[in-house]
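Input: a single structure, listed below in structure tokens.
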Amino acid sequence: MGISKLLVLVGLGLVIYLLIKSYQRKLSQPGRAAPAERGPEDMVKCAHCGVNLPRSEAIFSRGEFFCTPEHQRLGRK
């Protein structure tokens with residue numbers, strides 16, 4: 001019974017060690033910048049309703065920005 005417990009503990013220790021190393025490797029890799037780290041984003045106004053929204057979320061069509069596909073379909077108000 002003693003050797004089997006020792007093998008289980010060694011196996012468990014190895015799994016924990018590998019998980020920690022994997023986590024440290026993941027932390028050390030440079031990743032994409034989070035939205036908050038990219039800086040401010042340009043805001044645009046919907047041509048139909050006038051709502052301000054970030055340029056990345058707007059729909060650009062016929063030289064104007066829209067907040068939803070429905071407003072894009074309806075066009076300028």
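Chains: A, B, ... in order of the structure tokens. Residues: from 1 per chain. Ligands: from 1, in order shown.
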### Task
Once DSSP has gone over the backbone, tell me which residues of stretch 20-60 of chain A are in strand (DSSP E), as a list in words.
Met43, Val44, Lys45, Asn52, Leu53, Pro54, Ile59 and Phe60 of chain A
Could you please take those selected residues and save C-alpha atoms as a PDB file, in the first residue's frame?
ATOM      1  CA  MET A  43     -16.815  57.830 -32.355  1.00  0.00           C
ATOM      2  CA  VAL A  44     -19.229  58.207 -35.264  1.00  0.00           C
ATOM      3  CA  LYS A  45     -22.881  59.238 -35.468  1.00  0.00           C
ATOM      4  CA  ASN A  52     -22.931  57.930 -31.243  1.00  0.00           C
ATOM      5  CA  LEU A  53     -21.055  54.640 -31.348  1.00  0.00           C
ATOM      6  CA  PRO A  54     -17.445  53.430 -31.764  1.00  0.00           C
ATOM      7  CA  ILE A  59     -21.803  49.888 -40.322  1.00  0.00           C
ATOM      8  CA  PHE A  60     -20.307  52.019 -43.112  1.00  0.00           C
TER       9      PHE A  60
END
### Message
At a cut-off of 12 Å, using only C-alpha atoms, what residues contact stretch 69-71 of chain A? Leave out same-chain residues fewer than 6 positions from it and give the result as a list in words.
### Response
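Near neighbours after the sequence-gap exclusion: Lys45, Cys46, Ala47, His48, Cys49, Gly50, Val51, Glu57, Ala58, Ile59, Phe60, Ser61 and Lys77 of chain A.
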### Per-residue DSSP, chain A, filtered to helix (DSSP H, G or I), as an MDAnalysis selection string
chainID A and resid 2:28 35:37 55:57 69:74
